[in-house]
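Chemist: This one is input-v9.txt, compact mmCIF, C-alpha atoms.
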# COMPACT_ATOMS: atom_id res chain seq x y z
CA MET A 1 19.36 19.84 22.83
CA SER A 2 15.77 19.06 23.54
CA GLU A 3 14.35 18.52 26.96
CA MET A 4 15.20 15.25 28.68
CA VAL A 5 12.59 13.03 30.28
CA THR A 6 13.10 10.25 32.77
CA LEU A 7 11.31 6.94 32.38
CA THR A 8 11.59 3.43 33.75
CA ILE A 9 12.20 0.47 31.47
CA ASP A 10 12.21 -3.00 33.02
CA GLY A 11 12.86 -1.45 36.42
CA ARG A 12 15.83 0.56 35.20
CA SER A 13 15.82 4.31 35.01
CA ALA A 14 16.48 5.86 31.62
CA GLN A 15 16.96 9.40 30.33
CA ALA A 16 15.84 10.20 26.83
CA PRO A 17 15.26 13.37 24.84
CA ALA A 18 11.57 14.30 24.51
CA GLY A 19 10.18 13.28 21.16
CA THR A 20 12.20 10.07 20.89
CA THR A 21 10.58 6.65 21.15
CA ILE A 22 10.51 3.93 23.78
CA LEU A 23 12.39 1.65 21.37
CA GLU A 24 15.29 4.09 21.10
CA ALA A 25 15.42 4.56 24.88
CA ALA A 26 15.40 0.79 25.43
CA ARG A 27 18.19 0.28 22.94
CA GLY A 28 20.16 2.90 24.84
CA LEU A 29 19.92 0.57 27.86
CA ASN A 30 20.94 -2.40 25.72
CA ILE A 31 17.48 -3.91 26.03
CA ASP A 32 16.81 -5.84 22.87
CA ILE A 33 13.31 -5.45 21.47
CA PRO A 34 12.61 -7.29 18.21
CA ALA A 35 11.56 -4.94 15.42
CA LEU A 36 11.42 -5.30 11.66
CA CYS A 37 9.93 -2.09 10.32
CA SER A 38 11.98 0.36 12.32
CA ASN A 39 15.12 1.89 10.93
CA GLN A 40 16.87 4.83 12.51
CA GLU A 41 17.22 6.55 9.15
CA LEU A 42 13.47 6.45 8.50
CA THR A 43 10.41 7.94 10.12
CA PRO A 44 8.81 5.56 12.63
CA TYR A 45 6.03 3.57 11.06
CA GLY A 46 4.63 0.98 13.48
CA ALA A 47 3.81 -1.72 10.95
CA CYS A 48 5.37 -4.99 12.09
CA ARG A 49 4.01 -4.90 15.67
CA LEU A 50 6.87 -7.03 16.99
CA CYS A 51 8.13 -4.24 19.22
CA MET A 52 5.03 -4.22 21.42
CA VAL A 53 5.72 -3.36 25.07
CA GLU A 54 3.52 -2.95 28.10
CA ILE A 55 3.19 0.51 29.64
CA THR A 56 1.55 1.34 32.95
CA HIS A 57 -1.30 3.78 32.87
CA GLY A 58 -2.42 4.42 36.44
CA LYS A 59 -3.73 1.07 37.68
CA ARG A 60 -3.96 -0.52 34.27
CA THR A 61 -1.40 -1.53 31.73
CA ARG A 62 -1.61 -1.12 28.00
CA LEU A 63 0.22 -2.53 25.00
CA VAL A 64 1.84 -0.07 22.64
CA ALA A 65 4.24 -0.31 19.72
CA SER A 66 7.50 0.95 21.19
CA CYS A 67 8.84 2.14 17.83
CA ILE A 68 6.16 4.84 17.54
CA TYR A 69 5.34 5.57 21.19
CA GLU A 70 7.14 8.66 22.42
CA VAL A 71 8.82 8.69 25.81
CA GLN A 72 7.06 10.58 28.59
CA GLU A 73 8.15 11.77 32.02
CA GLY A 74 7.56 9.01 34.59
CA LEU A 75 6.50 6.42 32.01
CA VAL A 76 6.83 2.84 33.27
CA VAL A 77 7.62 0.33 30.53
CA ARG A 78 8.03 -3.42 30.69
CA THR A 79 9.42 -5.20 27.65
CA GLU A 80 9.30 -8.90 28.55
CA THR A 81 6.00 -9.62 30.29
CA GLU A 82 3.77 -12.61 29.65
CA ARG A 83 1.29 -10.38 27.81
CA VAL A 84 4.00 -8.84 25.64
CA ASN A 85 5.45 -12.22 24.72
CA ASN A 86 2.01 -13.59 23.88
CA VAL A 87 1.40 -10.77 21.46
CA ARG A 88 4.85 -11.08 19.93
CA ARG A 89 4.33 -14.81 19.44
CA LEU A 90 1.08 -14.13 17.63
CA VAL A 91 2.72 -11.49 15.46
CA ILE A 92 5.67 -13.68 14.49
CA GLU A 93 3.27 -16.52 13.64
CA LEU A 94 1.36 -14.18 11.36
CA LEU A 95 4.58 -13.01 9.74
CA LEU A 96 5.74 -16.60 9.31
CA SER A 97 2.54 -17.44 7.49
CA ARG A 98 3.58 -14.89 4.85
CA ASN A 99 7.23 -15.84 4.88
CA PRO A 100 7.99 -19.17 6.58
CA LYS A 101 11.66 -19.43 5.62
CA HIS A 102 13.61 -16.27 6.23
CA PRO A 103 16.38 -16.80 8.83
CA ARG A 104 15.71 -13.44 10.40
CA LEU A 105 12.08 -14.33 11.14
CA LEU A 106 13.02 -17.82 12.25
CA ALA A 107 15.58 -16.41 14.68
CA ILE A 108 12.95 -14.14 16.26
CA ALA A 109 10.50 -17.04 16.37
CA GLU A 110 13.03 -19.24 18.11
CA ARG A 111 13.76 -16.59 20.68
CA LEU A 112 10.04 -16.32 21.43
CA GLY A 113 9.64 -20.09 21.59
CA VAL A 114 7.58 -20.42 18.42
CA ASP A 115 8.50 -23.37 16.24
CA LYS A 116 5.63 -23.30 13.81
CA SER A 117 2.89 -20.93 12.72
CA ARG A 118 -0.62 -22.01 13.61
CA PHE A 119 -1.88 -20.14 10.53
CA GLU A 120 -2.19 -21.46 7.05
CA VAL A 121 0.92 -20.58 5.08
CA GLU A 122 0.32 -18.30 2.14
CA VAL A 123 3.77 -17.38 0.90
CA LYS A 124 4.01 -13.77 -0.06
CA GLY A 125 7.58 -13.18 1.08
CA CYS A 126 7.01 -9.50 1.74
CA ILE A 127 5.93 -8.65 5.29
CA LEU A 128 4.77 -5.12 4.36
CA CYS A 129 7.10 -3.35 6.75
CA GLY A 130 7.30 -0.49 4.26
CA GLN A 131 11.03 0.13 4.72
CA CYS A 132 11.63 0.01 0.96
CA VAL A 133 8.87 2.55 0.30
CA ARG A 134 10.12 4.86 3.03
CA VAL A 135 13.78 4.64 2.06
CA CYS A 136 12.87 5.47 -1.54
CA ARG A 137 10.78 8.43 -0.42
CA GLU A 138 12.77 9.81 2.46
CA VAL A 139 16.39 8.93 1.87
CA VAL A 140 16.74 8.49 -1.88
CA GLY A 141 14.07 11.09 -2.53
CA VAL A 142 12.63 9.70 -5.75
CA SER A 143 9.54 7.83 -4.52
CA ALA A 144 9.59 5.28 -7.31
CA ILE A 145 7.72 2.53 -5.47
CA GLY A 146 4.74 2.41 -3.19
CA PHE A 147 2.01 0.28 -1.71
CA GLU A 148 -0.81 -0.98 -3.83
CA SER A 149 -4.37 -1.82 -2.84
CA ARG A 150 -5.28 -2.77 0.73
CA GLY A 151 -6.22 -5.55 3.07
CA THR A 152 -5.17 -9.00 1.92
CA ASP A 153 -4.30 -7.62 -1.53
CA ARG A 154 -1.86 -5.03 -0.18
CA ARG A 155 1.56 -5.29 -1.72
CA ILE A 156 4.57 -3.28 -2.75
CA SER A 157 4.60 -2.31 -6.39
CA THR A 158 5.79 0.10 -8.99
CA PRO A 159 3.12 2.51 -10.26
CA PHE A 160 0.76 0.63 -12.62
CA ASN A 161 2.99 -2.43 -12.22
CA VAL A 162 5.21 -1.41 -15.11
CA ALA A 163 8.86 -0.39 -15.32
CA PRO A 164 9.23 2.31 -12.65
CA VAL A 165 9.67 5.72 -14.30
CA ASP A 166 11.22 7.44 -11.31
CA CYS A 167 13.49 4.57 -10.24
CA ILE A 168 17.22 5.37 -10.35
CA ALA A 169 18.19 1.72 -9.74
CA CYS A 170 20.12 2.61 -6.59
CA GLY A 171 19.08 -0.65 -4.94
CA SER A 172 18.32 0.94 -1.56
CA CYS A 173 14.97 -0.86 -1.37
CA ALA A 174 16.57 -4.27 -1.86
CA GLN A 175 19.32 -3.43 0.58
CA VAL A 176 16.97 -2.26 3.34
CA CYS A 177 14.45 -5.12 3.02
CA PRO A 178 14.54 -7.14 6.26
CA VAL A 179 13.42 -10.33 4.54
CA ASP A 180 15.35 -9.93 1.26
CA VAL A 181 12.43 -10.31 -1.11
CA ILE A 182 13.23 -7.59 -3.64
CA PRO A 183 15.09 -9.25 -6.53
CA PHE A 184 18.31 -7.48 -7.40
CA LYS A 185 20.80 -8.67 -9.99
CA GLU A 186 23.90 -7.31 -11.71
CA GLU A 187 25.28 -8.87 -14.85
CA ASN A 188 27.36 -7.65 -17.83
CA GLY A 189 26.95 -3.99 -17.04
CA VAL A 190 23.23 -4.22 -16.42
CA ARG A 191 21.47 -3.98 -13.10
CA THR A 192 18.05 -5.59 -12.88
CA ILE A 193 15.61 -4.43 -10.26
CA TRP A 194 11.80 -4.18 -10.31
CA LYS A 195 11.88 -6.35 -13.43
CA THR A 196 13.63 -3.54 -15.27
CA ASN A 197 17.12 -3.41 -16.74
CA PHE A 198 19.26 -0.40 -15.97
CA GLU A 199 22.51 0.34 -17.75
CA LEU A 200 25.58 0.74 -15.53
CA ALA A 201 28.30 3.33 -16.08
CA ARG A 202 31.81 2.00 -16.67
CA CYS A 203 34.85 3.63 -15.13
CA GLU A 204 37.20 4.98 -17.78
CA LYS A 205 40.25 4.27 -15.66
CA CYS A 206 39.74 0.86 -14.08
CA GLY A 207 37.07 -0.42 -16.45
CA ARG A 208 34.72 -1.54 -13.70
CA TYR A 209 30.99 -0.95 -13.77
CA PHE A 210 30.29 1.25 -10.80
CA ALA A 211 26.80 2.80 -10.79
CA PRO A 212 23.57 2.94 -12.79
CA MET A 213 23.43 5.75 -15.33
CA ARG A 214 20.01 6.74 -13.98
CA GLN A 215 21.44 7.19 -10.51
CA LEU A 216 24.30 9.34 -11.80
CA ALA A 217 21.82 11.42 -13.78
CA HIS A 218 19.88 11.87 -10.54
CA PHE A 219 23.08 13.07 -8.79
CA SER A 220 23.67 15.49 -11.63
CA ARG A 221 20.11 16.83 -11.32
CA VAL A 222 20.32 17.24 -7.55
CA THR A 223 23.77 18.83 -7.45
CA GLY A 224 23.49 20.87 -10.64
CA LEU A 225 26.86 19.52 -11.81
CA PRO A 226 27.28 18.26 -15.39
CA LEU A 227 26.55 14.58 -15.98
CA GLU A 228 30.12 13.90 -17.18
CA HIS A 229 31.33 14.85 -13.73
CA PHE A 230 29.78 11.62 -12.43
CA THR A 231 29.86 9.17 -15.30
CA GLN A 232 33.53 9.08 -16.22
CA THR A 233 35.41 7.65 -13.26
CA CYS A 234 34.40 5.58 -10.29
CA VAL A 235 34.94 6.74 -6.71
CA HIS A 236 38.08 4.64 -6.34
CA CYS A 237 39.84 6.12 -9.35
CA ARG A 238 39.02 9.72 -8.57
CA MET B 1 -7.34 15.95 -20.86
CA GLU B 2 -4.59 18.25 -19.63
CA ALA B 3 -6.91 21.25 -19.54
CA LYS B 4 -9.64 19.33 -17.73
CA ILE B 5 -7.16 18.16 -15.07
CA ALA B 6 -5.81 21.70 -14.72
CA GLU B 7 -9.33 22.93 -14.12
CA ILE B 8 -9.97 20.32 -11.42
CA VAL B 9 -6.61 20.85 -9.75
CA SER B 10 -7.02 24.64 -9.66
CA LYS B 11 -10.42 24.20 -8.05
CA TYR B 12 -8.50 22.81 -5.07
CA GLN B 13 -5.73 25.47 -5.22
CA SER B 14 -3.25 22.76 -6.34
CA ASN B 15 -3.20 21.54 -2.74
CA PRO B 16 -1.96 17.92 -2.57
CA GLY B 17 -4.00 17.50 0.62
CA PHE B 18 -7.06 17.40 -1.60
CA LEU B 19 -5.80 14.43 -3.59
CA VAL B 20 -8.84 12.27 -2.82
CA PRO B 21 -11.48 14.86 -3.85
CA ILE B 22 -9.37 15.68 -6.92
CA LEU B 23 -9.32 12.02 -7.93
CA GLN B 24 -13.07 11.84 -7.30
CA ASP B 25 -13.59 14.73 -9.69
CA VAL B 26 -11.25 13.16 -12.26
CA GLN B 27 -13.18 9.93 -12.02
CA LYS B 28 -16.43 11.82 -12.48
CA ALA B 29 -15.05 13.52 -15.58
CA PHE B 30 -13.66 10.40 -17.28
CA ASN B 31 -15.83 7.73 -15.66
CA TYR B 32 -12.65 6.05 -14.39
CA LEU B 33 -9.06 7.01 -13.61
CA PRO B 34 -7.08 6.81 -16.85
CA ARG B 35 -3.35 6.31 -16.39
CA GLU B 36 -2.48 9.50 -18.30
CA ALA B 37 -4.88 11.48 -16.11
CA LEU B 38 -3.19 10.22 -12.93
CA GLN B 39 0.20 11.08 -14.38
CA GLU B 40 -1.05 14.57 -15.19
CA VAL B 41 -2.47 15.00 -11.67
CA GLY B 42 0.93 13.98 -10.30
CA THR B 43 2.77 16.47 -12.47
CA GLN B 44 0.44 19.33 -11.63
CA LEU B 45 0.26 18.65 -7.89
CA LYS B 46 3.97 17.76 -7.70
CA VAL B 47 3.05 14.48 -6.01
CA PRO B 48 5.00 11.34 -6.98
CA ILE B 49 3.04 8.98 -9.18
CA SER B 50 3.76 6.13 -6.73
CA ARG B 51 1.83 8.04 -4.08
CA ILE B 52 -1.11 8.66 -6.39
CA PHE B 53 -1.17 5.01 -7.43
CA GLU B 54 -1.27 4.08 -3.73
CA VAL B 55 -4.31 6.26 -3.07
CA ALA B 56 -6.07 5.30 -6.31
CA THR B 57 -5.73 1.57 -5.55
CA PHE B 58 -6.53 1.91 -1.84
CA TYR B 59 -10.10 3.15 -2.18
CA LYS B 60 -12.69 0.88 -3.71
CA ALA B 61 -14.56 3.89 -5.09
CA PHE B 62 -11.72 4.49 -7.53
CA SER B 63 -11.40 2.40 -10.66
CA LEU B 64 -8.34 2.19 -12.88
CA THR B 65 -10.26 0.37 -15.58
CA PRO B 66 -13.08 1.89 -17.64
CA ARG B 67 -16.49 1.65 -16.05
CA GLY B 68 -19.84 1.16 -17.70
CA ARG B 69 -22.22 3.97 -18.58
CA HIS B 70 -24.68 2.50 -16.10
CA GLN B 71 -23.48 1.44 -12.69
CA MET B 72 -25.33 -1.18 -10.73
CA HIS B 73 -24.61 -1.89 -7.09
CA LEU B 74 -26.33 -4.80 -5.46
CA CYS B 75 -26.35 -4.92 -1.69
CA VAL B 76 -25.36 -8.31 -0.32
CA GLY B 77 -25.34 -7.28 3.34
CA THR B 78 -26.95 -9.56 5.91
CA ALA B 79 -30.51 -8.26 5.60
CA CYS B 80 -30.43 -8.21 1.80
CA HIS B 81 -28.71 -11.58 1.71
CA VAL B 82 -31.42 -13.35 3.71
CA ARG B 83 -34.03 -11.85 1.41
CA GLY B 84 -32.42 -13.37 -1.63
CA ALA B 85 -29.83 -10.88 -2.89
CA ALA B 86 -27.56 -13.71 -4.00
CA MET B 87 -30.20 -15.00 -6.40
CA ILE B 88 -30.72 -11.54 -7.88
CA GLY B 89 -26.97 -11.16 -8.28
CA ASP B 90 -26.77 -14.46 -10.13
CA GLY B 91 -29.59 -13.30 -12.38
CA ILE B 92 -27.89 -10.02 -13.23
CA GLU B 93 -24.59 -11.79 -13.87
CA ARG B 94 -26.36 -14.14 -16.24
CA VAL B 95 -28.12 -11.38 -18.15
CA LEU B 96 -25.07 -9.14 -18.48
CA GLU B 97 -22.75 -12.10 -18.99
CA ILE B 98 -20.19 -10.72 -16.56
CA LYS B 99 -19.16 -11.47 -13.00
CA ALA B 100 -19.72 -9.03 -10.14
CA GLY B 101 -17.02 -6.37 -10.25
CA GLU B 102 -16.76 -6.44 -14.03
CA THR B 103 -17.89 -4.22 -16.87
CA THR B 104 -19.60 -5.37 -20.04
CA ALA B 105 -17.50 -5.29 -23.20
CA ASP B 106 -19.71 -2.60 -24.74
CA LEU B 107 -19.02 -0.38 -21.68
CA GLU B 108 -22.75 -0.12 -21.01
CA PHE B 109 -22.94 -1.76 -17.57
CA THR B 110 -20.75 -2.15 -14.54
CA PHE B 111 -22.11 -4.52 -11.93
CA GLU B 112 -20.75 -4.64 -8.40
CA THR B 113 -21.82 -6.00 -5.07
CA VAL B 114 -21.57 -3.91 -1.91
CA ASN B 115 -21.71 -5.04 1.67
CA CYS B 116 -24.33 -2.79 3.21
CA LEU B 117 -25.99 0.40 2.09
CA GLY B 118 -27.64 1.10 5.40
CA ALA B 119 -31.09 0.71 3.90
CA CYS B 120 -31.76 -2.74 5.32
CA ALA B 121 -35.50 -2.13 5.70
CA LEU B 122 -35.72 -1.82 1.91
CA GLY B 123 -33.79 -5.01 1.25
CA PRO B 124 -32.83 -6.42 -1.10
CA VAL B 125 -31.51 -3.13 -2.45
CA LEU B 126 -30.21 -2.49 -5.95
CA VAL B 127 -28.68 0.90 -6.72
CA VAL B 128 -28.76 1.83 -10.37
CA ASP B 129 -26.95 5.02 -11.36
CA GLU B 130 -27.20 6.31 -7.79
CA GLU B 131 -30.93 5.65 -7.62
CA TYR B 132 -32.07 3.24 -4.90
CA HIS B 133 -34.50 0.49 -5.74
CA GLY B 134 -35.88 -1.42 -2.76
CA GLN B 135 -37.62 -4.79 -2.36
CA MET B 136 -35.75 -5.99 -5.39
CA THR B 137 -36.73 -9.13 -7.20
CA LEU B 138 -35.25 -10.84 -10.20
CA ALA B 139 -38.21 -9.68 -12.33
CA LYS B 140 -37.82 -6.07 -11.18
CA ALA B 141 -34.08 -6.18 -11.87
CA ASN B 142 -34.72 -7.48 -15.37
CA LYS B 143 -37.26 -4.73 -15.94
CA ILE B 144 -34.70 -2.09 -14.95
CA LEU B 145 -32.09 -3.65 -17.24
CA ASN B 146 -34.65 -3.65 -20.05
CA LYS B 147 -35.37 0.02 -19.51
CA LEU B 148 -31.65 0.78 -19.74
CA GLY B 149 -31.53 -0.89 -23.11
CA LYS B 150 -30.41 -4.39 -22.24
CA LYS B 151 -32.51 -6.98 -23.94
CA VAL B 152 -33.47 -9.50 -21.31
CA VAL B 153 -34.61 -12.92 -22.36
CA SER B 154 -36.64 -14.29 -19.48
CA ASP B 155 -35.90 -17.77 -18.26
CA GLU B 156 -39.20 -19.22 -19.44
CA GLU B 157 -38.71 -18.08 -23.02
CA GLU B 158 -35.20 -19.45 -23.07
CA ASP B 159 -36.33 -23.05 -22.73
Before anything else, please render the file you have as structure tokens.

Modeler:
Amino acid sequence: MSEMVTLTIDGRSAQAPAGTTILEAARGLNIDIPALCSNQELTPYGACRLCMVEITHGKRTRLVASCIYEVQEGLVVRTETERVNNVRRLVIELLLSRNPKHPRLLAIAERLGVDKSRFEVEVKGCILCGQCVRVCREVVGVSAIGFESRGTDRRISTPFNVAPVDCIACGSCAQVCPVDVIPFKEENGVRTIWKTNFELARCEKCGRYFAPMRQLAHFSRVTGLPLEHFTQTCVHCR
Amino acid sequence: MEAKIAEIVSKYQSNPGFLVPILQDVQKAFNYLPREALQEVGTQLKVPISRIFEVATFYKAFSLTPRGRHQMHLCVGTACHVRGAAMIGDGIERVLEIKAGETTADLEFTFETVNCLGACALGPVLVVDEEYHGQMTLAKANKILNKLGKKVVSDEEED
């Protein structure tokens, strides 16, 4: 167990292991901080900027992203100040200008008292939180997708914008996306993701399609077990 | 291509931390970053191609499309702009029949604008194949293009 530090969040004392973040400590106290790019299975990233909190630094206070700021002994954090809410309102307005419809964003906006973005709407859907890229890299371990370009052109893409060579069609990216903008479809034994069709394996016992062949081949590669071990029967019939 | 990439990669001890300098060398060797070359770099460095594509598209210095034999960069920063860089740019675009950021079909010229070269006292600045030309005028630009083998019909003769 790593060393514990004591900090204060919204006037309440909290204990957290060194190396963890303010966001985690706050959640431990049931303090709800809005966040879209953080996911406990992934490395902290600090992209969405909704989780901004105010920390006290001597006489002054400073805004930091709580999902990447590590707890420190004696740290004083406030999560609902005027300054914090102002910043969060600005951030949600910017996010709404990329994606004005998603219920998840609208719910956060409502909570912050924002009914409309002051910025011109330019629908991109994706809010560039990077969860899909990180899940593919860190959890799935294939790194089939990534960011492309930068600035206003930045977007998520497959390498060279063609059918992704390393993709195993597991669908983790679509599942993890907070604003559901990665198209994912399954029809007649074919899964379509990243504009590419992937063949699904059919269970020999129950006849159901249960997983993409590419994913099963990936399992076989990782575990060193023969491919037939995975492709014949689904988990339920095993 | 494989051997050339292997040579570049070994120069950096196959260290993925040197991805940017490796890509710079690859671009120098092929004049741009061909898709097969990036794939080969990925295989040799054991870096996923998605990661390499990210880096290659992030930096403006990298190009995924073939570039011209001669590269022209026109500064359109504030100082150059007020001294008429826009007019020179228009002139070059007209002569080469491409827009800024494009390459001529014969792969002879690539013309790009840049935002400041830090040589404001020389403005307007045109960089041709890494050589800086200051106090640029439309006539001087045409002269340079002529020297590089582009036949320039001056505006007066056109009429």

Chemist: Which one of B:Met136, B:Ile98, B:Val152, B:Ala105 sits closest to Cys120 in chain B if you count only C-alpha atoms?

Modeler: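 Looking only at the distances to Cys120 in chain B, the closest residue turns out to be B:Met136.
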
Chemist: Provide as a PyMOL selection string the residues of chain A at most 6 Å from chain B, counting all atoms listed in the file.

Modeler: chain A and resi 144-150+159

Chemist: Check the smallest atom-to-atom distance from each of B:Ala86, B:Leu107, B:Met72, B:Val114 to Tyr132 in chain B using only C-alpha atoms, then report the winner.

Modeler: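 Closest residue, counting only C-alpha atoms: B:Met72.
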
Chemist: Within 12 Å of (-9.3, 22.4, -17.3), all atoms listed in the file: residues as a ChimeraX atom specification?

Modeler: /B:1-11,25-26,29,37,40-41,44

Chemist: In Å, with one decimal, what is the gap from CA of Pro178 in chain A to CA of Asn99 in chain A?

Modeler: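 Computing it gives 11.4 Å between the two atoms.
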
Chemist: Between CA of Met87 in chain B and CA of Pro124 in chain B, what is the distance in Å, rounded to a tenth?

Modeler: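 Going from CA of Met87 in chain B over to CA of Pro124 in chain B, I get 10.4 Å.
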
Chemist: Could you check the closest approach to Val76 in chain B for each of B:Asp129, B:Asp106, B:Glu97, B:Asp90 and tell me which residue wins, using only C-alpha atoms?

Modeler: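 Looking only at the distances to Val76 in chain B, the closest residue turns out to be B:Asp90.
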
Chemist: What's around Leu75 in chain A at 9 Å? Count all atoms listed in the file, leave out sequence neighbours fewer than 5 positions away in its own chain, and write the answer as a list in words.

Modeler: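 Those residues are Thr6, Leu7, Thr8, Ile9, Ile55, Thr56 and His57 of chain A.
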
Chemist: Could you save those same residues with C-alpha atoms as a compact mmCIF listing (two decimals), in the coordinates of the input?

Modeler:
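Once written, selection_18.txt looks like this:
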# COMPACT_ATOMS: atom_id res chain seq x y z
CA THR A 6 13.10 10.25 32.77
CA LEU A 7 11.31 6.94 32.38
CA THR A 8 11.59 3.43 33.75
CA ILE A 9 12.20 0.47 31.47
CA ILE A 55 3.19 0.51 29.64
CA THR A 56 1.55 1.34 32.95
CA HIS A 57 -1.30 3.78 32.87
